[in-house]
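As provided, protein_33.txt (compact mmCIF, C-alpha atoms and all ligand atoms) reads as follows.
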```
# COMPACT_ATOMS: atom_id res chain seq x y z
CA MET A 1 4.33 22.61 9.93
CA ILE A 2 5.66 19.07 9.77
CA LYS A 3 8.78 18.88 7.61
CA ALA A 4 8.70 15.88 5.29
CA ALA A 5 11.17 14.35 2.83
CA ILE A 6 10.67 11.75 0.16
CA VAL A 7 13.53 9.40 -0.65
CA GLY A 8 12.75 8.03 -4.10
CA GLY A 9 10.66 10.99 -5.19
CA SER A 10 11.03 10.38 -8.92
CA GLY A 11 9.01 7.15 -8.91
CA TYR A 12 5.26 6.64 -9.11
CA THR A 13 4.66 6.46 -5.36
CA GLY A 14 6.95 9.47 -4.92
CA VAL A 15 5.04 11.71 -7.32
CA GLU A 16 1.80 10.49 -5.73
CA LEU A 17 3.09 11.56 -2.32
CA LEU A 18 3.84 14.99 -3.78
CA ARG A 19 0.34 15.20 -5.25
CA ILE A 20 -1.31 14.25 -1.96
CA LEU A 21 0.93 16.29 0.34
CA HIS A 22 0.27 19.43 -1.72
CA ARG A 23 -3.27 19.36 -0.27
CA HIS A 24 -2.06 18.68 3.28
CA PRO A 25 -2.65 21.60 5.65
CA HIS A 26 0.10 20.65 8.12
CA VAL A 27 2.95 19.30 5.99
CA GLU A 28 5.70 20.98 4.01
CA VAL A 29 7.79 18.81 1.68
CA VAL A 30 11.33 20.11 2.15
CA SER A 31 13.35 17.55 0.21
CA VAL A 32 12.80 15.02 -2.58
CA THR A 33 15.55 12.70 -3.72
CA SER A 34 16.53 11.08 -6.96
CA ARG A 35 20.03 9.98 -7.93
CA LYS A 36 19.34 10.08 -11.67
CA HIS A 37 17.57 13.45 -11.62
CA ALA A 38 19.60 15.29 -8.96
CA GLY A 39 19.52 19.01 -9.76
CA THR A 40 16.41 18.77 -11.96
CA PRO A 41 13.34 20.72 -10.84
CA VAL A 42 10.61 18.35 -9.67
CA ALA A 43 8.18 20.17 -11.97
CA SER A 44 10.39 19.48 -15.00
CA LEU A 45 10.19 15.73 -14.50
CA PHE A 46 6.54 15.94 -13.49
CA PRO A 47 4.79 18.80 -15.36
CA SER A 48 1.61 17.94 -13.45
CA LEU A 49 3.32 19.65 -10.49
CA SER A 50 4.29 22.84 -12.40
CA SER A 51 3.71 26.13 -10.56
CA VAL A 52 3.07 24.16 -7.38
CA TYR A 53 6.50 22.81 -6.37
CA THR A 54 9.71 24.80 -6.80
CA LEU A 55 11.90 22.06 -5.24
CA LYS A 56 14.70 20.35 -7.15
CA PHE A 57 15.57 16.69 -6.79
CA GLN A 58 18.59 16.12 -4.59
CA ALA A 59 20.95 13.17 -4.35
CA PRO A 60 20.03 11.28 -1.17
CA ASP A 61 21.98 12.57 1.86
CA ILE A 62 20.46 10.41 4.55
CA PRO A 63 22.05 11.98 7.68
CA ALA A 64 21.11 15.48 6.46
CA LEU A 65 17.52 14.44 5.75
CA SER A 66 17.21 12.84 9.12
CA ARG A 67 18.46 15.95 10.91
CA SER A 68 16.24 18.36 8.98
CA CYS A 69 12.95 16.43 8.76
CA ASP A 70 10.24 15.24 11.13
CA VAL A 71 9.23 12.41 8.81
CA VAL A 72 10.82 10.67 5.85
CA PHE A 73 8.91 8.58 3.34
CA THR A 74 11.16 5.92 1.82
CA ALA A 75 9.58 5.24 -1.59
CA VAL A 76 12.43 3.09 -2.83
CA PRO A 77 12.79 -0.56 -3.86
CA HIS A 78 13.09 -3.27 -1.22
CA GLN A 79 16.68 -3.88 -0.10
CA THR A 80 17.44 -0.17 -0.62
CA ALA A 81 15.05 0.73 2.19
CA MET A 82 16.69 -1.54 4.75
CA SER A 83 20.03 0.05 3.96
CA ILE A 84 18.87 3.61 4.78
CA VAL A 85 16.13 3.27 7.40
CA PRO A 86 18.43 2.51 10.38
CA GLU A 87 20.40 5.71 9.75
CA LEU A 88 17.24 7.76 9.38
CA LEU A 89 15.87 6.48 12.68
CA ALA A 90 19.17 6.99 14.51
CA GLU A 91 18.87 10.77 14.15
CA GLY A 92 15.33 10.79 15.53
CA THR A 93 13.12 11.23 12.50
CA LYS A 94 10.03 9.08 11.93
CA VAL A 95 10.00 6.82 8.91
CA ILE A 96 7.21 5.48 6.74
CA ASP A 97 8.67 2.85 4.46
CA LEU A 98 6.70 2.01 1.33
CA SER A 99 8.86 -0.98 0.44
CA ALA A 100 8.43 -4.54 1.67
CA ASP A 101 11.53 -4.51 3.86
CA PHE A 102 9.83 -4.18 7.24
CA ARG A 103 6.42 -5.71 6.53
CA ILE A 104 7.24 -9.34 7.27
CA ARG A 105 7.77 -9.92 10.99
CA ASP A 106 9.54 -13.26 10.60
CA ARG A 107 13.05 -12.72 9.24
CA ALA A 108 13.25 -16.26 7.84
CA VAL A 109 10.02 -15.76 5.89
CA TYR A 110 11.26 -12.43 4.52
CA GLU A 111 14.55 -13.96 3.47
CA ALA A 112 12.84 -16.96 1.85
CA TRP A 113 10.83 -14.64 -0.43
CA TYR A 114 13.13 -11.62 -0.80
CA VAL A 115 16.83 -11.20 0.08
CA PRO A 116 19.00 -11.46 3.21
CA HIS A 117 17.89 -8.80 5.72
CA THR A 118 20.53 -6.29 6.81
CA ALA A 119 18.46 -4.56 9.52
CA PRO A 120 16.65 -7.44 11.25
CA GLU A 121 16.87 -5.66 14.61
CA LEU A 122 14.07 -3.35 13.39
CA LEU A 123 11.61 -6.06 12.38
CA ASP A 124 10.07 -6.35 15.85
CA GLU A 125 9.70 -2.61 16.21
CA ALA A 126 8.22 -1.86 12.78
CA VAL A 127 4.43 -1.48 12.83
CA TYR A 128 2.53 -2.93 9.89
CA GLY A 129 0.65 0.09 8.66
CA LEU A 130 -2.68 -1.27 7.55
CA THR A 131 -4.26 1.69 9.25
CA GLU A 132 -7.76 0.40 9.87
CA ILE A 133 -6.40 -2.64 11.70
CA TYR A 134 -3.30 -1.28 13.46
CA ARG A 135 -4.34 2.33 14.12
CA GLU A 136 -3.35 2.26 17.81
CA LYS A 137 0.09 0.78 17.16
CA VAL A 138 0.69 3.20 14.29
CA ALA A 139 0.06 6.10 16.66
CA GLY A 140 3.12 5.22 18.74
CA ALA A 141 5.38 4.05 15.92
CA ARG A 142 8.79 5.36 14.90
CA LEU A 143 8.86 3.09 11.88
CA VAL A 144 5.77 2.15 9.88
CA ALA A 145 5.97 -0.58 7.25
CA ASN A 146 3.39 0.63 4.77
CA PRO A 147 1.49 -2.37 3.33
CA GLY A 148 1.73 -3.64 -0.21
CA CYS A 149 -0.97 -2.75 -2.70
CA TYR A 150 -2.33 -6.27 -3.29
CA PRO A 151 -2.19 -7.09 0.44
CA THR A 152 -4.24 -3.97 1.27
CA SER A 153 -6.93 -5.08 -1.17
CA ALA A 154 -6.97 -8.67 0.15
CA ILE A 155 -6.58 -8.21 3.90
CA LEU A 156 -9.18 -5.47 4.43
CA PRO A 157 -12.13 -7.65 3.25
CA LEU A 158 -10.93 -10.88 4.87
CA TYR A 159 -9.61 -9.72 8.24
CA PRO A 160 -12.94 -9.12 10.04
CA LEU A 161 -14.53 -12.26 8.61
CA LEU A 162 -11.67 -14.50 9.73
CA LYS A 163 -11.59 -12.84 13.13
CA GLU A 164 -15.32 -13.43 13.62
CA GLY A 165 -15.10 -16.99 12.26
CA LEU A 166 -17.57 -16.27 9.46
CA VAL A 167 -15.19 -17.75 6.89
CA ALA A 168 -12.66 -20.57 7.16
CA GLY A 169 -8.93 -20.00 6.88
CA GLU A 170 -8.53 -23.05 4.68
CA GLY A 171 -8.84 -22.87 0.90
CA ILE A 172 -8.93 -19.09 0.44
CA VAL A 173 -8.36 -17.93 -3.14
CA VAL A 174 -7.28 -14.34 -3.84
CA ASP A 175 -7.48 -13.28 -7.49
CA SER A 176 -6.23 -9.75 -8.21
CA LYS A 177 -5.97 -7.52 -11.25
CA SER A 178 -3.69 -4.48 -11.24
CA GLY A 179 -2.90 -1.54 -13.45
CA THR A 180 0.70 -1.22 -14.61
CA SER A 181 1.81 1.60 -12.28
CA GLY A 182 2.07 -1.18 -9.69
CA ALA A 183 5.34 -2.15 -11.34
CA GLY A 184 6.93 1.27 -10.80
CA ARG A 185 8.31 3.80 -13.27
CA SER A 186 11.45 2.03 -14.43
CA ALA A 187 11.27 0.89 -18.02
CA SER A 188 10.73 -2.84 -18.48
CA LEU A 189 9.65 -4.93 -21.43
CA ALA A 190 6.66 -6.34 -19.56
CA THR A 191 5.09 -2.92 -19.05
CA ILE A 192 5.67 -1.15 -22.38
CA PHE A 193 2.55 -0.13 -24.33
CA CYS A 194 2.46 -2.92 -26.90
CA GLU A 195 2.92 -5.60 -24.25
CA VAL A 196 0.12 -4.27 -22.03
CA ASN A 197 -2.39 -2.66 -24.38
CA GLU A 198 -5.23 -5.04 -25.37
CA ALA A 199 -3.56 -7.66 -23.18
CA PHE A 200 -4.57 -9.36 -19.94
CA LYS A 201 -2.37 -11.94 -18.25
CA ALA A 202 -1.58 -13.63 -14.97
CA TYR A 203 1.98 -13.34 -13.72
CA LYS A 204 4.11 -14.74 -10.89
CA VAL A 205 1.47 -17.44 -10.53
CA GLY A 206 1.84 -19.16 -7.17
CA GLU A 207 5.00 -17.21 -6.33
CA HIS A 208 4.22 -13.52 -5.96
CA ARG A 209 6.07 -11.91 -3.05
CA HIS A 210 2.92 -10.41 -1.59
CA THR A 211 1.71 -13.91 -0.69
CA PRO A 212 3.55 -14.17 2.67
CA GLU A 213 2.46 -10.66 3.62
CA ILE A 214 -1.20 -11.52 3.05
CA GLU A 215 -0.78 -14.84 4.88
CA GLN A 216 0.89 -13.15 7.85
CA GLU A 217 -2.09 -10.89 8.44
CA LEU A 218 -4.76 -13.49 7.70
CA SER A 219 -3.01 -15.83 10.15
CA ALA A 220 -3.17 -13.10 12.79
CA ALA A 221 -6.89 -12.62 12.12
CA ALA A 222 -7.70 -16.35 12.17
CA ASN A 223 -5.35 -16.98 15.09
CA LYS A 224 -3.85 -19.92 13.22
CA GLU A 225 -1.55 -20.41 10.29
CA THR A 226 -3.39 -19.57 7.10
CA VAL A 227 -2.13 -20.19 3.59
CA ILE A 228 -3.76 -18.93 0.41
CA ASN A 229 -3.67 -19.17 -3.34
CA PHE A 230 -2.87 -15.72 -4.70
CA THR A 231 -2.83 -14.94 -8.43
CA PRO A 232 -2.06 -11.41 -9.66
CA HIS A 233 -2.95 -10.22 -13.16
CA LEU A 234 -1.85 -7.23 -15.20
CA VAL A 235 -4.59 -5.24 -16.95
CA PRO A 236 -4.20 -2.36 -19.41
CA MET A 237 -4.95 0.54 -17.09
CA SER A 238 -2.58 2.92 -15.33
CA ARG A 239 -3.93 2.60 -11.80
CA GLY A 240 -6.26 0.48 -9.78
CA ILE A 241 -6.58 -2.97 -8.26
CA LEU A 242 -9.69 -5.11 -8.31
CA THR A 243 -9.44 -8.18 -6.09
CA THR A 244 -11.92 -11.05 -5.98
CA ILE A 245 -11.68 -13.44 -3.04
CA TYR A 246 -13.35 -16.82 -2.53
CA ALA A 247 -13.62 -18.18 1.03
CA GLN A 248 -15.63 -21.04 2.52
CA THR A 249 -18.28 -19.77 4.93
CA ALA A 250 -19.20 -21.26 8.29
CA GLU A 251 -22.52 -23.14 8.40
CA GLY A 252 -25.55 -20.92 7.80
CA VAL A 253 -23.67 -17.65 7.08
CA THR A 254 -25.59 -15.36 4.72
CA THR A 255 -24.68 -12.38 2.57
CA GLY A 256 -26.37 -10.19 5.18
CA ASP A 257 -24.16 -11.65 7.95
CA VAL A 258 -21.01 -10.94 5.96
CA LEU A 259 -22.01 -7.39 5.05
CA THR A 260 -23.05 -6.65 8.63
CA ALA A 261 -19.75 -7.97 10.01
CA LEU A 262 -17.79 -5.82 7.55
CA ALA A 263 -19.91 -2.74 8.25
CA ASP A 264 -19.55 -3.21 12.02
CA TYR A 265 -15.77 -3.70 11.90
CA TYR A 266 -15.24 -0.66 9.68
CA ALA A 267 -17.93 1.50 11.31
CA GLY A 268 -15.47 4.27 12.26
CA ALA A 269 -13.23 3.84 9.25
CA ARG A 270 -13.37 6.84 6.96
CA PHE A 271 -11.70 5.13 3.99
CA VAL A 272 -13.43 1.75 3.86
CA ARG A 273 -16.82 1.74 2.15
CA ILE A 274 -19.00 -1.35 2.24
CA ARG A 275 -21.25 -1.59 -0.81
CA PRO A 276 -24.93 -2.43 -0.24
CA GLU A 277 -26.13 -5.97 -0.97
CA GLY A 278 -26.14 -6.65 -4.72
CA GLU A 279 -23.62 -3.89 -5.51
CA PHE A 280 -19.92 -4.41 -6.17
CA PRO A 281 -16.88 -2.13 -6.43
CA ASN A 282 -15.32 -0.74 -9.56
CA VAL A 283 -11.80 0.68 -9.77
CA SER A 284 -13.18 3.76 -11.49
CA HIS A 285 -15.06 4.62 -8.28
CA VAL A 286 -11.83 4.86 -6.25
CA ARG A 287 -9.22 6.07 -8.76
CA GLY A 288 -7.21 8.92 -7.25
CA SER A 289 -8.88 8.51 -3.84
CA ASN A 290 -7.84 6.79 -0.61
CA PHE A 291 -10.95 4.60 -0.45
CA CYS A 292 -11.14 0.84 -0.39
CA ASP A 293 -14.58 -0.25 -1.58
CA ILE A 294 -15.79 -3.74 -0.66
CA GLY A 295 -18.76 -5.78 -1.87
CA ALA A 296 -19.79 -9.29 -0.80
CA LYS A 297 -22.13 -12.13 -1.65
CA VAL A 298 -22.47 -15.60 -0.22
CA ASP A 299 -23.14 -18.14 -2.93
CA GLN A 300 -25.45 -20.54 -1.06
CA ARG A 301 -24.95 -23.24 -3.73
CA THR A 302 -21.21 -23.51 -3.08
CA GLY A 303 -21.09 -22.27 0.50
CA ARG A 304 -18.50 -19.69 -0.46
CA ALA A 305 -18.30 -15.98 0.27
CA ILE A 306 -17.28 -13.96 -2.79
CA LEU A 307 -15.64 -10.71 -1.72
CA VAL A 308 -14.71 -7.98 -4.17
CA SER A 309 -12.51 -5.00 -3.29
CA ALA A 310 -11.25 -2.02 -5.28
CA ILE A 311 -8.44 0.37 -4.43
CA ASP A 312 -6.15 2.77 -6.24
CA ASN A 313 -2.79 1.00 -5.89
CA LEU A 314 -0.95 4.33 -5.68
CA VAL A 315 -3.28 5.85 -3.07
CA LYS A 316 -4.81 3.41 -0.54
CA GLY A 317 -2.31 0.85 -1.86
CA ALA A 318 0.73 3.09 -1.25
CA SER A 319 1.07 6.86 -0.85
CA GLY A 320 -2.42 7.66 0.48
CA GLN A 321 -2.17 5.04 3.18
CA ALA A 322 1.34 6.33 3.96
CA VAL A 323 -0.09 9.82 4.55
CA GLN A 324 -2.97 8.32 6.56
CA ASN A 325 -0.35 6.64 8.77
CA MET A 326 1.68 9.83 9.04
CA ASN A 327 -1.43 11.69 10.21
CA ILE A 328 -1.93 9.16 12.99
CA MET A 329 1.76 9.15 13.98
CA PHE A 330 1.64 12.95 14.41
CA GLY A 331 -1.77 13.10 16.12
CA LEU A 332 -3.42 14.84 13.15
CA GLU A 333 -6.88 14.24 11.75
CA GLU A 334 -6.63 10.86 9.99
CA ALA A 335 -8.05 12.19 6.73
CA ALA A 336 -5.94 15.37 6.51
CA GLY A 337 -4.77 15.82 2.91
CA LEU A 338 -6.77 12.80 1.82
CA ASP A 339 -10.10 14.35 0.94
CA ALA A 340 -9.75 13.87 -2.86
CA LEU A 341 -12.66 11.95 -4.36
CA ALA A 342 -12.27 9.53 -7.24
CA LEU A 343 -11.51 10.88 -10.71
CA PHE A 344 -14.77 9.62 -12.18
CA PRO A 345 -15.37 9.10 -15.02
N1 LIG A 401 3.83 1.27 -7.51
C1 LIG A 401 2.96 0.83 -6.61
O1 LIG A 401 1.75 0.67 -6.88
C2 LIG A 401 3.42 0.48 -5.21
C3 LIG A 401 2.46 0.20 -4.25
C4 LIG A 401 2.86 -0.11 -2.95
C5 LIG A 401 4.20 -0.14 -2.64
N2 LIG A 401 5.13 0.11 -3.60
C6 LIG A 401 6.54 0.06 -3.21
O2 LIG A 401 7.00 1.40 -3.06
C7 LIG A 401 8.38 1.48 -3.45
C8 LIG A 401 8.50 2.50 -4.58
O3 LIG A 401 7.71 2.05 -5.66
P1 LIG A 401 7.52 2.89 -7.01
O4 LIG A 401 6.49 2.19 -7.80
O5 LIG A 401 7.37 4.34 -6.69
O6 LIG A 401 8.98 2.63 -7.69
P2 LIG A 401 9.67 3.42 -8.90
O7 LIG A 401 8.65 4.14 -9.70
O8 LIG A 401 10.55 2.42 -9.57
O9 LIG A 401 10.59 4.49 -8.14
C9 LIG A 401 11.69 4.11 -7.34
C10 LIG A 401 12.34 5.35 -6.72
O10 LIG A 401 13.42 4.92 -5.87
C11 LIG A 401 14.61 5.60 -6.23
N3 LIG A 401 15.72 4.66 -6.01
C12 LIG A 401 15.91 3.47 -6.64
N4 LIG A 401 17.01 2.86 -6.15
C13 LIG A 401 17.52 3.69 -5.20
C14 LIG A 401 18.67 3.64 -4.34
N5 LIG A 401 19.51 2.58 -4.36
N6 LIG A 401 18.89 4.65 -3.50
C15 LIG A 401 18.04 5.73 -3.46
N7 LIG A 401 16.95 5.85 -4.25
C16 LIG A 401 16.70 4.83 -5.11
C17 LIG A 401 14.41 5.99 -7.70
O11 LIG A 401 15.14 7.17 -8.05
P3 LIG A 401 16.68 7.19 -8.48
O12 LIG A 401 16.98 5.82 -9.05
O13 LIG A 401 16.81 8.29 -9.47
O14 LIG A 401 17.42 7.48 -7.21
C18 LIG A 401 12.92 6.30 -7.74
O15 LIG A 401 12.68 7.62 -7.32
C19 LIG A 401 8.79 0.06 -3.87
O16 LIG A 401 9.40 -0.59 -2.78
C20 LIG A 401 7.46 -0.60 -4.21
O17 LIG A 401 7.48 -2.00 -4.06
C21 LIG A 401 4.77 0.44 -4.88
```

Could you show the structure in this file as structure tokens?
Amino acid sequence: MIKAAIVGGSGYTGVELLRILHRHPHVEVVSVTSRKHAGTPVASLFPSLSSVYTLKFQAPDIPALSRSCDVVFTAVPHQTAMSIVPELLAEGTKVIDLSADFRIRDRAVYEAWYVPHTAPELLDEAVYGLTEIYREKVAGARLVANPGCYPTSAILPLYPLLKEGLVAGEGIVVDSKSGTSGAGRSASLATIFCEVNEAFKAYKVGEHRHTPEIEQELSAAANKETVINFTPHLVPMSRGILTTIYAQTAEGVTTGDVLTALADYYAGARFVRIRPEGEFPNVSHVRGSNFCDIGAKVDQRTGRAILVSAIDNLVKGASGQAVQNMNIMFGLEEAAGLDALALFP
């Protein structure tokens, strides 16, 4: 059995890792950390895990975790991750970091959008864990930078189309709507019931930190610098992201061309489902599952491809993709532990 630990196990991505890893045939979770809840049984904080997990939260002891585990998931805020990952790696464990700290390859770009980086020596080594695109690099990685939720929903539909030159890199618009678990479990005014219920708003317009992450990967696909407009929205649901993308098509490109290119690129990909022509994704078809559903139409009047994707932000957008990456890093079946279908309806 692979011994796994979760640093930051009392948050939303942490409890999602526990939910997913419970079904995993080759993984045993041996330690889960929380500073605030140290000593509390995991099942007391999360009754959904009662009679399944007998573990108690522990205060993080990074050297001890590194010595006793084969893999550590760091499900902590950015800046915290960069302060613990070097020590975890030094003792030989593998790390899958769910924060943004190792996603941006260019230190200056990271620091322009986030904070000064205290472990820049690891930026070259970290593998961006968008599994369907970097599967081979993930297989040999010590440190995987698990992608952000919005970036997963934006990059998966666009990457093959930019690579094949079916859409232009210029003028791409990414419009995303997310459930409130995307903001984590800490209390904040913006995510309390009365602020979110019956409400629907854009936030961080033109300045969301996932913008450079999306641009980094789209630039790699297009083989030239690509900038986008990205607008996230908060919708009154617990989980799920629906992203709608507008991109100028090359001359003569049809809906059929776009759908064929997507289907070809993701032919062997278990967790990407391309919807048939005329059908579009719905977050309720992926909730609780590791799937990313993608639909597409080319509007011949405007010459734009309209791409729609749906993911569960806590699964394909975080903990599910993290487990998918772990499976590849340890040579396991990519879908191990990830066979849950959507909770529909
Ligand atoms: N929520 C999503 O949809 C989503 C999707 C993709 C990626 N992510 C990323 O995944 C990470 C976790 O997100 P989340 O939504 O699970 O956050 P969360 O619900 O706020 O949980 C954060 C966890 O980190 C721990 N923590 C906070 N500061 C710490 C520190 N200095 N040292 C050790 N542990 C610390 C917290 O426990 P204690 O404070 O008790 O120690 C808690 O368990 C973030 O970087 C986030 O950006 C989130």

**Q.** All residues having an atom within 7 Å of ligand LIG 401 (chain A) (only C-alpha atoms and all ligand atoms) as a PyMOL selection string
**A.** chain A and resi 7-14+33-37+60+75-78+80+98-100+147-149+181-186+313-314+317-318

Q.
Could you check the closest approach to Val42 in chain A for each of A:Thr54, A:Phe230, A:Arg287, A:Glu213 and tell me which residue wins, using only C-alpha atoms?
A.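 With only C-alpha atoms as the atom set, the closest residue is A:Thr54.
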
Q.
To one decimal place in Å, what is the distance between CA of Val30 in chain A and CA of Asp101 in chain A?
A.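 According to the coordinates, CA of Val30 in chain A and CA of Asp101 in chain A are separated by 24.7 Å.
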
**Q.** Within 9 Å of Arg135 in chain A using only C-alpha atoms, minus same-chain residues under 5 positions, as a list of chain:residue names
**A.**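 Final neighbour list, sorted by chain and number: A:Gly129, A:Leu130, A:Asn325, A:Ile328.
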
Using all atoms listed in the file, which residues sit within 10 Å of Ile311 in chain A once same-chain residues fewer than 4 positions away are excluded, as a PDB file with C-alpha atoms, in the frame of the given file?
```pdb
ATOM      1  CA  CYS A 149      -0.970  -2.750  -2.700  1.00  0.00           C
ATOM      2  CA  TYR A 150      -2.330  -6.270  -3.290  1.00  0.00           C
ATOM      3  CA  THR A 152      -4.240  -3.970   1.270  1.00  0.00           C
ATOM      4  CA  SER A 153      -6.930  -5.080  -1.170  1.00  0.00           C
ATOM      5  CA  SER A 178      -3.690  -4.480 -11.240  1.00  0.00           C
ATOM      6  CA  ARG A 239      -3.930   2.600 -11.800  1.00  0.00           C
ATOM      7  CA  GLY A 240      -6.260   0.480  -9.780  1.00  0.00           C
ATOM      8  CA  ILE A 241      -6.580  -2.970  -8.260  1.00  0.00           C
ATOM      9  CA  LEU A 242      -9.690  -5.110  -8.310  1.00  0.00           C
ATOM     10  CA  THR A 243      -9.440  -8.180  -6.090  1.00  0.00           C
ATOM     11  CA  VAL A 272     -13.430   1.750   3.860  1.00  0.00           C
ATOM     12  CA  PRO A 281     -16.880  -2.130  -6.430  1.00  0.00           C
ATOM     13  CA  ASN A 282     -15.320  -0.740  -9.560  1.00  0.00           C
ATOM     14  CA  VAL A 283     -11.800   0.680  -9.770  1.00  0.00           C
ATOM     15  CA  SER A 284     -13.180   3.760 -11.490  1.00  0.00           C
ATOM     16  CA  HIS A 285     -15.060   4.620  -8.280  1.00  0.00           C
ATOM     17  CA  VAL A 286     -11.830   4.860  -6.250  1.00  0.00           C
ATOM     18  CA  ARG A 287      -9.220   6.070  -8.760  1.00  0.00           C
ATOM     19  CA  GLY A 288      -7.210   8.920  -7.250  1.00  0.00           C
ATOM     20  CA  SER A 289      -8.880   8.510  -3.840  1.00  0.00           C
ATOM     21  CA  ASN A 290      -7.840   6.790  -0.610  1.00  0.00           C
ATOM     22  CA  PHE A 291     -10.950   4.600  -0.450  1.00  0.00           C
ATOM     23  CA  CYS A 292     -11.140   0.840  -0.390  1.00  0.00           C
ATOM     24  CA  ASP A 293     -14.580  -0.250  -1.580  1.00  0.00           C
ATOM     25  CA  ILE A 294     -15.790  -3.740  -0.660  1.00  0.00           C
ATOM     26  CA  VAL A 315      -3.280   5.850  -3.070  1.00  0.00           C
ATOM     27  CA  LYS A 316      -4.810   3.410  -0.540  1.00  0.00           C
ATOM     28  CA  GLY A 317      -2.310   0.850  -1.860  1.00  0.00           C
TER      29      GLY A 317
END
```

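With all atoms listed in the file as the atoms that count, the minimum distance from Ala5 in chain A to the choices A:Ala261, A:Phe46, A:Cys69, A:Lys94 is reached by A:Cys69.
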
Q | Sel. within 10 Å of pt (9.9, -5.8, 11.7), counting all atoms listed in the file, output as a ChimeraX atom specification | A | /A:101-107,110,119-128,143-145
